[in-house]
Amino acid sequence: MDERERVLLTLAGVRVFMGVFWLVNVLWRLPTDFGAGNYWGVPHILEIARAHGISPPVRSFVVHVLVPHMSAVGWIVFAAGLLTGLSLVFGLVTRLGAALGLLQAVVLTLFLGNAPGEWLYGYLVLVLLSLLLLLLPVSRRLSLDDALGRDP
C-alpha cells in the first residue's frame with residue numbers, strides 16, 4: 001500500500017469517526033422531549049447558551065428566537081445530527097454531511113464555549129476537524145460516494 005492510499009484510508013477513518021461522534025450525540029436529543037430530563041438535552045443546552053453564550057447577540061438570539069420555538073429547534077437539531085452522522089459514516093453526500101457537522105460544531109462553540117466547566121479549545125478542535133472533513137477528499141475510500149462514482 002502506497003502513501004497516498006494510506007492517507008485516503010486515514011481520511012476515511014476520520015470521516016467515519018466523526019460520523020459516529022454525531023450519531024452518539026443524537027442520543028441526548030431524541031424526540032419528543034429532546035432530552036428535557038437529561039443533563040445534556042436541547043432545553044438544557046439552550047439554558048446554558050442563554051446564560052453563557054459567547055456574546056450578547058448569541059444570548060439574545062437564543063432567548064428571543066430559539067427558546068420560544070423549542071419543539072421546532074429540537075426537531076431541526078435531531079434531524080441535522082442524524083443526517084450528519086449517517087452521511088459521514090456511509091460516505092454518502094459527504095460534503096453536505098461535513099457542512100452540517102461544521103455548522104453544528106460552530107453553534108456548539110458559540111453556545112457552550114464560554115460556559116463554566118466547558119473547554120473552549122475542545123469545541124475549537126471539533127470545528128477544525130469538521131472543517132477538514134469539508135475541505136479534504138474524505139470520501140475517496142470506503143464510501144458510497146466513491147462506489148457510486150460521485151466526485152467528492
# chains A, B, ... in the order shown; residues from 1 in each chain; ligands from 1
call {"tool": "select_by_dssp", "arguments": {"residues": "stretch 21-132 of chain A", "states": "alpha helix (DSSP H)", "output": "ChimeraX atom specification"}}
result
/A:21-26,42-52,56-61,70-90,94-112,120-132
call {"tool": "residues_around", "arguments": {"residues": "A:Gly41", "least_positions_apart": "6", "cutoff": "10 Å", "atoms": "only C-alpha atoms", "output": "PyMOL selection string"}}
result
chain A and resi 26-30+33-35+47+74
call {"tool": "closest_atom_pairs", "arguments": {"of": "stretch 7-70 of chain A", "to": "stretch 109-130 of chain A", "cutoff": "7 Å", "atoms": "only C-alpha atoms", "output": "Markdown table"}}
result
| residue | atom | partner | partner_atom | distance |
| --- | --- | --- | --- | --- |
| A:Ile48 | CA | A:Ala115 | CA | 6.9 |
| A:Ala49 | CA | A:Phe111 | CA | 4.6 |
| A:His52 | CA | A:Ala115 | CA | 5.1 |
| A:Gly53 | CA | A:Phe111 | CA | 4.6 |
| A:Ile54 | CA | A:Leu110 | CA | 5.2 |
call {"tool": "closest_residue", "arguments": {"among": "A:Val93, A:Leu83, A:Val58, A:Ala12", "to": "A:Leu148", "atoms": "only C-alpha atoms"}}
result
A:Val93
call {"tool": "residues_around", "arguments": {"residues": "A:Ala79", "least_positions_apart": "5", "cutoff": "12 Å", "atoms": "only C-alpha atoms", "output": "tab-separated table (two decimals) with all heavy atoms, in the first residue's frame"}}
result
chain	number	residue	atom	x	y	z
A	22	TRP	N	-21.24	12.15	15.79
A	22	TRP	CA	-22.52	12.86	15.66
A	22	TRP	C	-23.69	11.93	15.95
A	22	TRP	O	-24.69	12.36	16.54
A	22	TRP	CB	-22.65	13.51	14.29
A	22	TRP	CG	-21.75	14.69	14.14
A	22	TRP	CD1	-20.70	14.82	13.26
A	22	TRP	CD2	-21.78	15.91	14.89
A	22	TRP	NE1	-20.09	16.03	13.44
A	22	TRP	CE2	-20.73	16.73	14.42
A	22	TRP	CE3	-22.59	16.39	15.90
A	22	TRP	CZ2	-20.48	17.99	14.94
A	22	TRP	CZ3	-22.34	17.66	16.42
A	22	TRP	CH2	-21.30	18.43	15.94
A	23	LEU	N	-23.61	10.65	15.57
A	23	LEU	CA	-24.70	9.71	15.86
A	23	LEU	C	-24.84	9.47	17.36
A	23	LEU	O	-25.95	9.41	17.88
A	23	LEU	CB	-24.49	8.39	15.12
A	23	LEU	CG	-24.73	8.43	13.62
A	23	LEU	CD1	-24.34	7.10	12.98
A	23	LEU	CD2	-26.17	8.79	13.31
A	25	ASN	N	-24.06	11.56	19.65
A	25	ASN	CA	-24.60	12.79	20.22
A	25	ASN	C	-26.08	12.98	19.92
A	25	ASN	O	-26.73	13.80	20.58
A	25	ASN	CB	-23.78	13.99	19.76
A	25	ASN	CG	-22.54	14.14	20.60
A	25	ASN	OD1	-22.62	14.55	21.75
A	25	ASN	ND2	-21.41	13.75	20.06
A	26	VAL	N	-26.62	12.26	18.96
A	26	VAL	CA	-28.07	12.30	18.71
A	26	VAL	C	-28.82	11.70	19.90
A	26	VAL	O	-29.95	12.09	20.19
A	26	VAL	CB	-28.42	11.57	17.39
A	26	VAL	CG1	-29.89	11.27	17.29
A	26	VAL	CG2	-27.98	12.39	16.20
A	27	LEU	N	-28.18	10.79	20.63
A	27	LEU	CA	-28.84	10.09	21.73
A	27	LEU	C	-29.30	11.02	22.84
A	27	LEU	O	-30.25	10.71	23.55
A	27	LEU	CB	-27.92	9.00	22.30
A	27	LEU	CG	-27.57	7.88	21.33
A	27	LEU	CD1	-26.58	6.91	21.97
A	27	LEU	CD2	-28.82	7.16	20.85
A	29	ARG	N	-30.56	13.98	22.37
A	29	ARG	CA	-31.55	14.93	21.86
A	29	ARG	C	-32.64	14.22	21.07
A	29	ARG	O	-33.06	14.66	20.01
A	29	ARG	CB	-30.87	15.99	21.02
A	29	ARG	CG	-29.91	15.43	19.99
A	29	ARG	CD	-29.09	16.50	19.37
A	29	ARG	NE	-28.08	15.91	18.50
A	29	ARG	CZ	-27.08	16.54	17.99
A	29	ARG	NH1	-26.92	17.81	18.23
A	29	ARG	NH2	-26.22	15.95	17.21
A	30	LEU	N	-33.11	13.10	21.59
A	30	LEU	CA	-34.12	12.31	20.91
A	30	LEU	C	-35.50	12.95	21.02
A	30	LEU	O	-35.86	13.52	22.05
A	30	LEU	CB	-34.18	10.90	21.50
A	30	LEU	CG	-32.95	10.03	21.27
A	30	LEU	CD1	-33.07	8.73	22.05
A	30	LEU	CD2	-32.73	9.75	19.80
A	31	PRO	N	-36.30	12.84	19.95
A	31	PRO	CA	-37.69	13.30	20.04
A	31	PRO	C	-38.43	12.45	21.07
A	31	PRO	O	-38.04	11.34	21.33
A	31	PRO	CB	-38.24	13.06	18.64
A	31	PRO	CG	-37.05	12.86	17.76
A	31	PRO	CD	-35.96	12.35	18.64
A	34	PHE	N	-36.66	15.74	23.44
A	34	PHE	CA	-35.33	16.20	23.07
A	34	PHE	C	-34.38	16.27	24.26
A	34	PHE	O	-33.57	17.16	24.37
A	34	PHE	CB	-35.40	17.55	22.34
A	34	PHE	CG	-36.31	17.49	21.15
A	34	PHE	CD1	-37.56	18.07	21.19
A	34	PHE	CD2	-35.94	16.80	20.01
A	34	PHE	CE1	-38.42	17.98	20.11
A	34	PHE	CE2	-36.78	16.70	18.93
A	34	PHE	CZ	-38.02	17.29	18.98
A	72	ALA	N	-39.62	22.98	17.49
A	72	ALA	CA	-39.07	23.04	16.13
A	72	ALA	C	-37.54	22.96	16.17
A	72	ALA	O	-36.92	22.25	15.36
A	72	ALA	CB	-39.51	24.32	15.43
A	73	VAL	N	-36.92	23.67	17.12
A	73	VAL	CA	-35.47	23.62	17.26
A	73	VAL	C	-35.01	22.20	17.58
A	73	VAL	O	-34.04	21.70	17.00
A	73	VAL	CB	-34.99	24.60	18.36
A	73	VAL	CG1	-33.53	24.38	18.71
A	73	VAL	CG2	-35.23	26.03	17.92
A	74	GLY	N	-35.73	21.53	18.46
A	74	GLY	CA	-35.39	20.15	18.80
A	74	GLY	C	-35.41	19.23	17.59
A	74	GLY	O	-34.51	18.42	17.39
A	84	THR	N	-26.13	14.23	9.55
A	84	THR	CA	-24.68	14.39	9.57
A	84	THR	C	-24.00	13.05	9.85
A	84	THR	O	-23.09	12.64	9.13
A	84	THR	CB	-24.25	15.41	10.64
A	84	THR	OG1	-24.87	16.66	10.36
A	84	THR	CG2	-22.75	15.57	10.69
A	85	GLY	N	-24.44	12.38	10.90
A	85	GLY	CA	-23.83	11.11	11.28
A	85	GLY	C	-23.94	10.05	10.20
A	85	GLY	O	-22.96	9.41	9.85
A	86	LEU	N	-25.14	9.88	9.67
A	86	LEU	CA	-25.33	8.86	8.63
A	86	LEU	C	-24.55	9.19	7.37
A	86	LEU	O	-23.95	8.30	6.74
A	86	LEU	CB	-26.82	8.70	8.31
A	86	LEU	CG	-27.67	8.11	9.42
A	86	LEU	CD1	-29.15	8.13	9.03
A	86	LEU	CD2	-27.22	6.69	9.78
A	87	SER	N	-24.54	10.45	6.99
A	87	SER	CA	-23.80	10.88	5.80
A	87	SER	C	-22.31	10.58	5.94
A	87	SER	O	-21.69	10.06	5.01
A	87	SER	CB	-24.02	12.37	5.56
A	87	SER	OG	-23.16	12.85	4.56
A	97	GLY	N	-22.87	16.40	4.56
A	97	GLY	CA	-22.70	15.95	5.94
A	97	GLY	C	-21.60	16.72	6.65
A	97	GLY	O	-21.74	17.11	7.81
A	100	LEU	N	-22.87	20.24	7.40
A	100	LEU	CA	-23.78	20.23	8.55
A	100	LEU	C	-23.01	20.02	9.86
A	100	LEU	O	-23.33	20.63	10.88
A	100	LEU	CB	-24.83	19.13	8.39
A	100	LEU	CG	-25.97	19.41	7.44
A	100	LEU	CD1	-26.81	18.15	7.23
A	100	LEU	CD2	-26.82	20.54	7.95
A	101	GLY	N	-22.01	19.16	9.83
A	101	GLY	CA	-21.17	18.95	11.01
A	101	GLY	C	-20.44	20.22	11.41
A	101	GLY	O	-20.35	20.56	12.59
A	104	GLN	N	-22.93	22.59	13.03
A	104	GLN	CA	-23.23	22.19	14.40
A	104	GLN	C	-22.06	22.48	15.34
A	104	GLN	O	-22.25	22.91	16.48
A	104	GLN	CB	-23.56	20.70	14.44
A	104	GLN	CG	-24.87	20.36	13.78
A	104	GLN	CD	-25.12	18.87	13.82
A	104	GLN	OE1	-25.68	18.38	14.79
A	104	GLN	NE2	-24.68	18.18	12.79
call {"tool": "closest_residue", "arguments": {"among": "A:Val107, A:Phe21, A:Gly91, A:Ser71", "to": "A:Ser143", "atoms": "only C-alpha atoms"}}
result
A:Gly91
call {"tool": "residues_around", "arguments": {"residues": "A:Val89", "least_positions_apart": "6", "cutoff": "8 Å", "atoms": "only C-alpha atoms", "output": "PDB file with all heavy atoms, in the first residue's frame"}}
result
ATOM      1  N   ARG A  15     -13.404  10.421   8.866  1.00  0.00           N
ATOM      2  CA  ARG A  15     -14.786  10.692   8.456  1.00  0.00           C
ATOM      3  C   ARG A  15     -15.756   9.794   9.212  1.00  0.00           C
ATOM      4  O   ARG A  15     -16.751  10.256   9.775  1.00  0.00           O
ATOM      5  CB  ARG A  15     -14.939  10.469   6.946  1.00  0.00           C
ATOM      6  CG  ARG A  15     -16.313  10.833   6.415  1.00  0.00           C
ATOM      7  CD  ARG A  15     -16.584  10.222   5.053  1.00  0.00           C
ATOM      8  NE  ARG A  15     -16.909   8.820   5.199  1.00  0.00           N
ATOM      9  CZ  ARG A  15     -16.320   7.832   4.530  1.00  0.00           C
ATOM     10  NH1 ARG A  15     -15.376   8.055   3.663  1.00  0.00           N
ATOM     11  NH2 ARG A  15     -16.693   6.587   4.747  1.00  0.00           N
ATOM     12  N   VAL A  16     -15.462   8.507   9.259  1.00  0.00           N
ATOM     13  CA  VAL A  16     -16.342   7.563   9.953  1.00  0.00           C
ATOM     14  C   VAL A  16     -16.373   7.867  11.453  1.00  0.00           C
ATOM     15  O   VAL A  16     -17.439   7.840  12.076  1.00  0.00           O
ATOM     16  CB  VAL A  16     -15.909   6.111   9.674  1.00  0.00           C
ATOM     17  CG1 VAL A  16     -16.651   5.135  10.561  1.00  0.00           C
ATOM     18  CG2 VAL A  16     -16.103   5.777   8.198  1.00  0.00           C
ATOM     19  N   PHE A  17     -15.219   8.165  12.030  1.00  0.00           N
ATOM     20  CA  PHE A  17     -15.160   8.516  13.454  1.00  0.00           C
ATOM     21  C   PHE A  17     -16.068   9.704  13.766  1.00  0.00           C
ATOM     22  O   PHE A  17     -16.836   9.676  14.729  1.00  0.00           O
ATOM     23  CB  PHE A  17     -13.714   8.831  13.869  1.00  0.00           C
ATOM     24  CG  PHE A  17     -13.614   9.408  15.244  1.00  0.00           C
ATOM     25  CD1 PHE A  17     -13.643   8.578  16.353  1.00  0.00           C
ATOM     26  CD2 PHE A  17     -13.510  10.779  15.442  1.00  0.00           C
ATOM     27  CE1 PHE A  17     -13.567   9.107  17.640  1.00  0.00           C
ATOM     28  CE2 PHE A  17     -13.435  11.319  16.715  1.00  0.00           C
ATOM     29  CZ  PHE A  17     -13.462  10.476  17.817  1.00  0.00           C
ATOM     30  N   MET A  18     -15.980  10.753  12.947  1.00  0.00           N
ATOM     31  CA  MET A  18     -16.818  11.932  13.185  1.00  0.00           C
ATOM     32  C   MET A  18     -18.299  11.608  12.963  1.00  0.00           C
ATOM     33  O   MET A  18     -19.161  12.157  13.651  1.00  0.00           O
ATOM     34  CB  MET A  18     -16.372  13.093  12.302  1.00  0.00           C
ATOM     35  CG  MET A  18     -15.045  13.705  12.729  1.00  0.00           C
ATOM     36  SD  MET A  18     -15.057  14.326  14.413  1.00  0.00           S
ATOM     37  CE  MET A  18     -16.176  15.707  14.246  1.00  0.00           C
ATOM     38  N   GLY A  19     -18.595  10.720  12.011  1.00  0.00           N
ATOM     39  CA  GLY A  19     -19.978  10.297  11.822  1.00  0.00           C
ATOM     40  C   GLY A  19     -20.523   9.595  13.053  1.00  0.00           C
ATOM     41  O   GLY A  19     -21.648   9.862  13.501  1.00  0.00           O
ATOM     42  N   VAL A  20     -19.715   8.707  13.623  1.00  0.00           N
ATOM     43  CA  VAL A  20     -20.127   8.012  14.850  1.00  0.00           C
ATOM     44  C   VAL A  20     -20.269   9.020  15.989  1.00  0.00           C
ATOM     45  O   VAL A  20     -21.215   8.934  16.784  1.00  0.00           O
ATOM     46  CB  VAL A  20     -19.130   6.892  15.202  1.00  0.00           C
ATOM     47  CG1 VAL A  20     -19.393   6.322  16.584  1.00  0.00           C
ATOM     48  CG2 VAL A  20     -19.179   5.790  14.140  1.00  0.00           C
TER      49      VAL A  20
END
call {"tool": "atom_distance", "arguments": {"atom1": "atom CA of A:Trp75", "atom2": "atom CA of A:Gly13"}}
result
28.6 Å
call {"tool": "atom_distance", "arguments": {"atom1": "atom CA of A:Leu133", "atom2": "atom CA of A:Ala147"}}
result
18.5 Å
call {"tool": "residues_around", "arguments": {"residues": "A:Val62", "least_positions_apart": "3", "cutoff": "8 Å", "atoms": "only C-alpha atoms", "output": "CSV table (one decimal) with all heavy atoms, in the first residue's frame"}}
result
chain,number,residue,atom,x,y,z
A,46,LEU,N,-29.8,25.0,25.6
A,46,LEU,CA,-30.3,26.4,25.4
A,46,LEU,C,-30.3,27.2,26.7
A,46,LEU,O,-30.0,28.4,26.6
A,46,LEU,CB,-31.7,26.3,24.8
A,46,LEU,CG,-31.7,25.8,23.3
A,46,LEU,CD1,-33.2,25.8,22.8
A,46,LEU,CD2,-30.8,26.5,22.4
A,49,ALA,N,-26.7,28.3,27.0
A,49,ALA,CA,-26.4,29.3,26.0
A,49,ALA,C,-27.1,30.6,26.3
A,49,ALA,O,-26.5,31.7,26.1
A,49,ALA,CB,-26.9,28.8,24.6
A,50,ARG,N,-28.2,30.6,26.9
A,50,ARG,CA,-28.9,31.8,27.3
A,50,ARG,C,-28.1,32.6,28.4
A,50,ARG,O,-27.9,33.8,28.4
A,50,ARG,CB,-30.3,31.5,27.9
A,50,ARG,CG,-31.1,32.8,28.3
A,50,ARG,CD,-32.3,32.5,29.2
A,50,ARG,NE,-31.9,31.8,30.4
A,50,ARG,CZ,-31.4,32.4,31.5
A,50,ARG,NH1,-31.0,33.7,31.4
A,50,ARG,NH2,-31.1,31.7,32.6
A,58,VAL,N,-25.5,36.4,20.6
A,58,VAL,CA,-25.8,35.0,20.7
A,58,VAL,C,-26.9,34.7,21.8
A,58,VAL,O,-27.8,34.0,21.5
A,58,VAL,CB,-24.5,34.1,20.9
A,58,VAL,CG1,-24.9,32.7,21.2
A,58,VAL,CG2,-23.6,34.2,19.7
A,59,ARG,N,-26.7,35.3,22.9
A,59,ARG,CA,-27.6,35.1,24.0
A,59,ARG,C,-29.0,35.6,23.7
A,59,ARG,O,-30.0,35.0,24.0
A,59,ARG,CB,-27.0,35.7,25.3
A,59,ARG,CG,-25.8,35.0,25.8
A,59,ARG,CD,-25.4,35.5,27.2
A,59,ARG,NE,-24.9,36.8,27.2
A,59,ARG,CZ,-23.7,37.2,27.0
A,59,ARG,NH1,-22.7,36.3,26.7
A,59,ARG,NH2,-23.3,38.5,27.1
A,65,VAL,N,-35.4,33.8,19.9
A,65,VAL,CA,-35.7,33.0,18.7
A,65,VAL,C,-35.8,31.5,19.0
A,65,VAL,O,-36.8,30.9,18.6
A,65,VAL,CB,-34.7,33.3,17.5
A,65,VAL,CG1,-35.0,32.4,16.3
A,65,VAL,CG2,-34.7,34.8,17.1
A,66,LEU,N,-34.8,31.0,19.6
A,66,LEU,CA,-34.7,29.5,19.8
A,66,LEU,C,-35.6,29.0,20.9
A,66,LEU,O,-36.4,28.1,20.7
A,66,LEU,CB,-33.3,29.1,20.0
A,66,LEU,CG,-32.3,29.4,18.9
A,66,LEU,CD1,-30.9,28.9,19.2
A,66,LEU,CD2,-32.8,28.8,17.6
A,67,VAL,N,-35.5,29.6,22.1
A,67,VAL,CA,-36.3,29.1,23.2
A,67,VAL,C,-37.8,29.2,22.9
A,67,VAL,O,-38.5,28.2,23.2
A,67,VAL,CB,-36.0,29.9,24.5
A,67,VAL,CG1,-36.9,29.6,25.6
A,67,VAL,CG2,-34.5,29.6,24.9
